[in-house]
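Q: Next comes the structure file final07.txt, holding compact mmCIF, C-alpha atoms.
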```txt
# COMPACT_ATOMS: atom_id res chain seq x y z
CA MET A 1 117.42 81.36 118.13
CA GLU A 2 117.27 78.47 115.65
CA ASN A 3 113.53 79.03 115.18
CA LYS A 4 114.18 82.68 114.31
CA LYS A 5 116.81 81.66 111.76
CA LEU A 6 114.41 79.12 110.24
CA LYS A 7 111.79 81.85 109.81
CA GLY A 8 114.45 84.02 108.20
CA HIS A 9 115.34 81.30 105.68
CA ILE A 10 111.66 80.65 104.86
CA ALA A 11 111.07 84.38 104.39
CA MET A 12 114.07 84.77 102.08
CA LEU A 13 112.99 81.75 100.05
CA GLY A 14 109.48 83.18 99.65
CA ALA A 15 110.75 86.60 98.59
CA ASN A 16 113.09 85.23 95.96
CA VAL A 17 110.46 82.87 94.57
CA MET A 18 108.18 85.87 94.02
CA TRP A 19 111.04 87.88 92.54
CA GLY A 20 111.99 84.97 90.31
CA LEU A 21 108.54 85.11 88.73
CA MET A 22 108.70 88.86 88.28
CA SER A 23 111.08 89.00 85.29
CA PRO A 24 108.84 86.96 82.95
CA VAL A 25 105.71 88.69 84.27
CA ALA A 26 107.17 92.18 83.75
CA LYS A 27 108.44 91.20 80.30
CA MET A 28 104.92 90.06 79.41
CA VAL A 29 103.51 93.44 80.48
CA PHE A 30 106.14 95.35 78.49
CA ALA A 31 105.50 93.22 75.39
CA SER A 32 102.22 95.06 74.80
CA GLY A 33 104.08 98.33 74.28
CA PHE A 34 101.49 100.27 76.31
CA ILE A 35 103.35 100.31 79.65
CA PHE A 36 106.64 102.19 79.87
CA PRO A 37 109.28 100.95 82.34
CA VAL A 38 109.11 104.21 84.28
CA VAL A 39 105.34 103.73 84.71
CA MET A 40 105.92 100.22 86.06
CA VAL A 41 108.39 101.65 88.58
CA ASP A 42 105.70 104.16 89.64
CA PHE A 43 103.21 101.33 90.11
CA ARG A 44 105.71 99.40 92.24
CA VAL A 45 106.76 102.19 94.60
CA ALA A 46 103.45 104.07 94.88
CA GLY A 47 101.36 100.89 95.06
CA ALA A 48 103.52 99.36 97.77
CA ALA A 49 103.65 102.67 99.68
CA LEU A 50 99.84 102.77 99.70
CA LEU A 51 99.59 99.16 100.89
CA PHE A 52 102.13 99.66 103.68
CA TRP A 53 100.50 102.88 104.91
CA ILE A 54 97.06 101.20 104.94
CA THR A 55 98.54 98.26 106.86
CA SER A 56 100.10 100.64 109.39
CA LEU A 57 96.63 101.97 110.30
CA PHE A 58 95.85 98.62 111.93
CA LEU A 59 99.09 98.46 113.93
CA PRO A 60 100.47 100.42 116.91
CA ARG A 61 102.00 103.71 115.81
CA GLU A 62 105.76 104.12 116.15
CA HIS A 63 107.36 107.53 116.58
CA VAL A 64 110.11 108.17 114.05
CA PRO A 65 112.33 111.21 114.76
CA VAL A 66 113.27 113.51 111.91
CA LYS A 67 116.90 112.34 111.82
CA ASP A 68 115.76 108.76 111.31
CA ILE A 69 113.32 109.80 108.57
CA PHE A 70 116.33 111.18 106.68
CA ARG A 71 118.14 107.86 107.18
CA LEU A 72 115.06 106.02 105.92
CA PHE A 73 115.07 108.31 102.91
CA GLY A 74 118.60 107.15 102.08
CA ALA A 75 117.57 103.53 102.60
CA GLY A 76 114.58 104.08 100.31
CA MET A 77 116.80 105.45 97.55
CA LEU A 78 119.26 102.54 97.66
CA GLY A 79 117.04 99.62 98.61
CA ILE A 80 113.92 100.57 96.67
CA LEU A 81 114.09 103.31 94.04
CA LEU A 82 117.51 102.58 92.55
CA ASN A 83 117.13 98.83 92.98
CA GLN A 84 113.62 98.56 91.55
CA GLY A 85 114.06 101.28 88.95
CA CYS A 86 117.28 99.84 87.53
CA PHE A 87 115.87 96.30 87.55
CA ILE A 88 112.68 97.23 85.70
CA PHE A 89 114.55 99.33 83.11
CA GLY A 90 117.13 96.60 82.68
CA VAL A 91 114.54 93.85 82.15
CA SER A 92 112.83 95.98 79.50
CA LEU A 93 116.08 96.03 77.48
CA THR A 94 117.42 92.51 78.00
CA SER A 95 115.95 89.01 78.26
CA PRO A 96 114.49 87.61 81.53
CA GLY A 97 117.12 84.87 81.43
CA GLU A 98 120.04 87.27 81.21
CA ALA A 99 118.50 89.50 83.89
CA SER A 100 118.25 86.47 86.20
CA LEU A 101 121.87 85.64 85.47
CA VAL A 102 123.02 89.15 86.41
CA THR A 103 121.07 89.03 89.70
CA THR A 104 123.27 86.14 90.81
CA THR A 105 126.21 88.56 91.15
CA MET A 106 124.58 90.31 94.11
CA PRO A 107 125.86 87.88 96.82
CA MET A 108 129.41 88.56 95.67
CA TRP A 109 128.91 92.31 96.06
CA VAL A 110 127.31 91.77 99.49
CA MET A 111 130.26 89.64 100.60
CA LEU A 112 132.80 92.23 99.44
CA LEU A 113 130.90 95.19 100.93
CA ALA A 114 130.33 93.33 104.22
CA TRP A 115 134.09 92.70 104.34
CA LEU A 116 134.95 96.34 103.54
CA ILE A 117 132.33 98.06 105.70
CA LEU A 118 131.32 95.59 108.44
CA ARG A 119 134.66 93.77 108.60
CA GLU A 120 132.81 90.49 108.14
CA PRO A 121 135.51 87.89 107.34
CA ILE A 122 135.55 86.07 104.01
CA THR A 123 136.06 82.41 104.92
CA LEU A 124 136.96 79.62 102.53
CA LYS A 125 133.53 78.01 103.03
CA LYS A 126 131.74 81.29 102.34
CA ALA A 127 133.75 81.99 99.20
CA GLY A 128 133.33 78.39 98.08
CA GLY A 129 129.59 78.56 98.64
CA ILE A 130 129.25 81.69 96.55
CA ILE A 131 131.31 80.13 93.74
CA LEU A 132 129.19 76.94 93.84
CA GLY A 133 125.98 78.96 93.70
CA ALA A 134 127.26 81.11 90.86
CA CYS A 135 128.29 78.01 88.84
CA GLY A 136 124.86 76.45 89.38
CA ALA A 137 123.05 79.61 88.33
CA ILE A 138 125.18 80.00 85.19
CA ILE A 139 124.57 76.35 84.21
CA LEU A 140 120.85 76.81 84.78
CA ILE A 141 120.54 79.95 82.68
CA LEU A 142 122.83 78.88 79.83
CA GLY A 143 121.13 75.47 79.65
CA SER A 144 117.66 76.96 79.35
CA SER A 145 115.82 76.70 76.06
CA ASN A 146 113.53 79.61 76.97
CA ARG A 147 115.51 82.73 76.12
CA SER A 148 113.85 85.73 74.57
CA GLY A 149 115.94 88.58 73.24
CA GLY A 150 115.94 92.21 74.21
CA SER A 151 116.36 95.47 72.31
CA ASN A 152 119.71 96.27 73.96
CA PRO A 153 120.92 93.29 76.05
CA ALA A 154 124.35 94.74 76.90
CA LEU A 155 122.93 97.99 78.29
CA GLY A 156 120.10 96.11 80.01
CA ASP A 157 122.55 93.78 81.74
CA VAL A 158 124.63 96.73 82.98
CA ILE A 159 121.52 98.44 84.38
CA VAL A 160 120.41 95.24 86.14
CA LEU A 161 123.93 95.00 87.58
CA CYS A 162 123.51 98.52 88.99
CA ALA A 163 120.33 97.30 90.68
CA GLN A 164 122.30 94.52 92.39
CA LEU A 165 125.02 96.92 93.53
CA SER A 166 122.53 99.37 95.03
CA TYR A 167 120.71 96.64 96.93
CA ALA A 168 123.98 95.09 98.15
CA LEU A 169 125.01 98.49 99.49
CA TYR A 170 121.62 98.90 101.18
CA LEU A 171 121.87 95.47 102.85
CA THR A 172 125.31 96.31 104.17
CA LEU A 173 124.85 99.92 105.31
CA TYR A 174 121.42 99.60 106.94
CA ARG A 175 121.62 96.10 108.44
CA ASN A 176 121.77 97.32 112.06
CA PHE A 177 119.53 100.36 111.59
CA ILE A 178 116.51 98.38 110.38
CA ARG A 179 116.33 96.54 113.70
CA LYS A 180 115.30 99.79 115.38
CA TYR A 181 111.75 99.83 113.94
CA SER A 182 109.02 97.41 112.97
CA LEU A 183 108.84 96.09 109.44
CA VAL A 184 105.78 98.10 108.40
CA THR A 185 107.16 101.37 109.83
CA LEU A 186 110.37 100.92 107.87
CA MET A 187 108.63 100.02 104.64
CA LYS A 188 105.98 102.74 104.69
CA TRP A 189 108.62 105.47 105.07
CA MET A 190 111.08 103.94 102.61
CA PHE A 191 108.45 103.43 99.91
CA LEU A 192 106.99 106.89 100.53
CA SER A 193 110.47 108.38 100.03
CA ALA A 194 110.87 106.48 96.77
CA THR A 195 107.42 107.59 95.58
CA VAL A 196 108.07 111.26 96.34
CA VAL A 197 111.22 111.15 94.20
CA ALA A 198 109.86 108.93 91.40
CA LEU A 199 106.48 110.48 90.58
CA PRO A 200 107.46 114.09 89.71
CA GLY A 201 109.89 112.92 87.04
CA SER A 202 107.41 110.57 85.36
CA PHE A 203 104.41 112.83 84.64
CA HIS A 204 105.13 112.79 80.90
CA TRP A 205 105.03 108.98 80.69
CA LEU A 206 101.96 108.75 82.90
CA ALA A 207 100.13 111.29 80.71
CA THR A 208 101.02 109.55 77.44
CA THR A 209 100.20 105.99 78.55
CA GLY A 210 97.30 104.43 76.64
CA TRP A 211 95.37 103.30 79.72
CA GLN A 212 92.31 102.18 77.75
CA MET A 213 94.48 99.80 75.68
CA ILE A 214 95.81 97.83 78.65
CA SER A 215 94.29 94.33 78.75
CA ALA A 216 93.08 92.39 81.80
CA GLU A 217 96.09 90.09 81.50
CA GLU A 218 98.46 93.04 81.64
CA TRP A 219 96.61 94.55 84.62
CA SER A 220 96.98 91.16 86.34
CA GLY A 221 100.71 91.26 85.64
CA ILE A 222 100.96 94.76 87.11
CA ALA A 223 98.99 93.62 90.18
CA TYR A 224 101.39 90.69 90.65
CA VAL A 225 104.41 92.98 90.46
CA VAL A 226 102.93 95.40 93.03
CA VAL A 227 101.32 92.98 95.51
CA CYS A 228 103.52 89.87 95.31
CA GLY A 229 106.76 91.06 93.74
CA THR A 230 106.92 94.19 95.91
CA PHE A 231 104.59 94.36 98.95
CA LEU A 232 104.75 90.72 100.09
CA ALA A 233 108.33 90.17 98.89
CA TYR A 234 109.65 93.15 100.86
CA ILE A 235 107.85 91.94 103.99
CA CYS A 236 109.66 88.63 103.57
CA ILE A 237 112.97 90.37 102.87
CA MET A 238 112.76 92.46 106.03
CA ILE A 239 111.93 89.37 108.11
CA GLY A 240 114.93 87.56 106.63
CA GLN A 241 117.27 90.54 106.90
CA LYS A 242 116.57 90.88 110.62
CA ARG A 243 117.42 87.22 111.26
CA LEU A 244 120.25 86.42 108.85
CA ARG A 245 123.66 87.82 107.96
CA PRO A 246 123.96 90.00 104.80
CA THR A 247 125.93 87.34 102.90
CA VAL A 248 123.31 84.66 103.64
CA VAL A 249 120.54 87.06 102.59
CA GLY A 250 122.38 87.73 99.34
CA MET A 251 122.86 84.01 98.63
CA TYR A 252 119.12 83.54 98.21
CA ASN A 253 119.30 85.48 94.94
CA TYR A 254 120.37 82.16 93.42
CA VAL A 255 116.82 80.90 93.95
CA GLN A 256 115.51 83.25 91.25
CA PRO A 257 116.98 81.38 88.23
CA ILE A 258 115.58 78.13 89.67
CA VAL A 259 112.10 79.67 89.77
CA ALA A 260 112.48 80.98 86.22
CA THR A 261 113.42 77.50 84.98
CA ILE A 262 110.63 75.73 86.87
CA THR A 263 108.13 78.28 85.53
CA GLY A 264 109.33 77.61 82.00
CA ILE A 265 108.94 73.84 82.50
CA CYS A 266 105.42 74.21 83.94
CA LEU A 267 104.37 76.41 81.00
CA GLY A 268 105.82 73.94 78.52
CA LEU A 269 108.47 76.45 77.43
CA ASP A 270 111.38 74.48 78.85
CA ILE A 271 112.26 70.90 79.79
CA PHE A 272 113.93 69.38 82.82
CA THR A 273 117.34 67.83 82.16
CA PRO A 274 119.93 66.15 84.41
CA LEU A 275 122.13 69.22 83.91
CA LYS A 276 119.43 71.41 85.43
CA GLY A 277 119.23 69.01 88.37
CA VAL A 278 122.97 69.37 88.93
CA ALA A 279 122.65 73.17 88.74
CA ILE A 280 119.92 73.23 91.40
CA VAL A 281 122.00 71.01 93.71
CA LEU A 282 124.99 73.34 93.26
CA ILE A 283 122.90 76.40 94.11
CA PHE A 284 121.46 75.02 97.32
CA SER A 285 124.82 73.53 98.30
CA GLY A 286 126.26 77.03 97.99
CA VAL A 287 123.56 78.49 100.25
CA TRP A 288 124.24 75.72 102.80
CA LEU A 289 128.02 76.35 102.80
CA VAL A 290 127.60 80.08 103.41
CA THR A 291 125.12 79.39 106.22
CA ILE A 292 127.28 76.87 108.11
CA SER A 293 130.34 79.06 107.65
CA LYS A 294 128.69 81.89 109.58
CA ALA A 295 127.28 79.51 112.19
CA LYS A 296 130.79 78.18 112.88
CA GLU A 297 132.15 81.74 113.27
CA GLU A 298 129.41 82.63 115.78
CA ASN A 299 130.11 79.50 117.85
CA THR A 300 133.82 80.33 118.12
CA HIS A 301 133.28 83.86 119.48
```
Could I get this file's structure written as structure tokens?

A:
Amino acid sequence: MENKKLKGHIAMLGANVMWGLMSPVAKMVFASGFIFPVVMVDFRVAGAALLFWITSLFLPREHVPVKDIFRLFGAGMLGILLNQGCFIFGVSLTSPGEASLVTTTMPMWVMLLAWLILREPITLKKAGGIILGACGAIILILGSSNRSGGSNPALGDVIVLCAQLSYALYLTLYRNFIRKYSLVTLMKWMFLSATVVALPGSFHWLATTGWQMISAEEWSGIAYVVVCGTFLAYICIMIGQKRLRPTVVGMYNYVQPIVATITGICLGLDIFTPLKGVAIVLIFSGVWLVTISKAKEENTH
């Protein structure tokens, strides 16, 4: 049991590290002006759908009844299309730093939805852990010297918030259902559902994109978003979601601002300060508090 939980924590850490890098990478791609946000969403959902369906060819086939395909369609809308679409559009309008700050609200929504829908209790340790993590993330973002502006930060922040709400709802509503099928089976149907809905409405943007103007650096950024920020990250998320409680899964969102800060330091765009060290300690202390809170509840049942 403990080994399974350890794998879940490692998977969640890996997913959020990759997601933490995605905001600056996506912003770099958008800076050229040749890739529209809706086209990036198409790349994410269609590219990941293709990768998951190819992967499924090398694995045992699972039968999925029609009623479950409809449930997977709903999961694909909440956990993939709305989440990814809102995030990409939001990042295009605001700064990567502010987008990372907004993502830290997701654990709070997960905690509230888990309480409302799953009747998961809100303990003092759990609430305290979320507050600690939120304080650390806010300190980290506000203390960063690497903050680029956006064309409409307020609207972008609201759209990124919608992405967090949709994913929190997905984590809560489908937590038990996802255990019914293997990871690849779930992902191939969820991403296919998102692709079927996304592509028809984006023909105009696909047709007007200046494909010949896209540089190798921008193609590399798109490849990172599709392969690492989507395909590999969602594999890690599904592994973590099957082994950890929704609130613990949501807490790992606080890793993303840490990654953004470390990336800035490595690129010479930011510097490490004692305040940042305190922020990182607060974030991981928050994750630890939420984790031990749930472990104590399970031991008392």

Q: Mind pulling up the distance from atom CA of A:Leu192 to atom CA of A:Phe34?

A: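 According to the coordinates, atom CA of A:Phe34 and atom CA of A:Leu192 are separated by 25.7 Å.
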
Q: Which value, in Å to one decimal, gives the distance between atom CA of A:Ile80 and atom CA of A:Gly229?

A: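 Separation between atom CA of A:Ile80 and atom CA of A:Gly229: 12.3 Å.
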
Q: Return the single residue from A:Thr208, A:Val29, A:Gly286, A:Ile178 that is closest to A:Arg243, with distances computed using only C-alpha atoms.

A: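 Going through A:Thr208, A:Val29, A:Gly286, A:Ile178 one by one, the smallest distance to A:Arg243 is for A:Ile178.
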
Q: Separation of atom CA of A:Gly129 and atom CA of A:Leu289, in Å?

A: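 Rounded to one decimal, the two atoms are 5.0 Å apart.
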
Q: From the set A:Thr185, A:Glu217, A:Ile35, A:Leu6, which residue has the shortest atom-to-atom contact distance to A:Pro60, counting only C-alpha atoms?

A: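 Answer, going by the shortest atom-to-atom distance: A:Thr185.
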
Q: Between A:Arg119, A:Lys4, A:His9, A:Lys276, which residue has the minimum interatomic distance to A:Thr172, considering only C-alpha atoms?

A: A:Arg119

Q: Hey, can I get the axis-aligned box for stretch 104-107 of chain A? All listed atoms, 6 Å padding on each side, centre and edge lengths in Å to one decimal, as JSON.

A:
```
{"center_x": 124.7, "center_y": 88.2, "center_z": 93.8, "size_x": 14.9, "size_y": 16.2, "size_z": 18.0}
```

Q: Check the smallest atom-to-atom distance from each of A:Asp42, A:Met12, A:Leu116, A:Leu78 to A:Val248 using all atoms listed in the file, then report the winner.

A: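 Result for the nearest residue to A:Val248: A:Met12.
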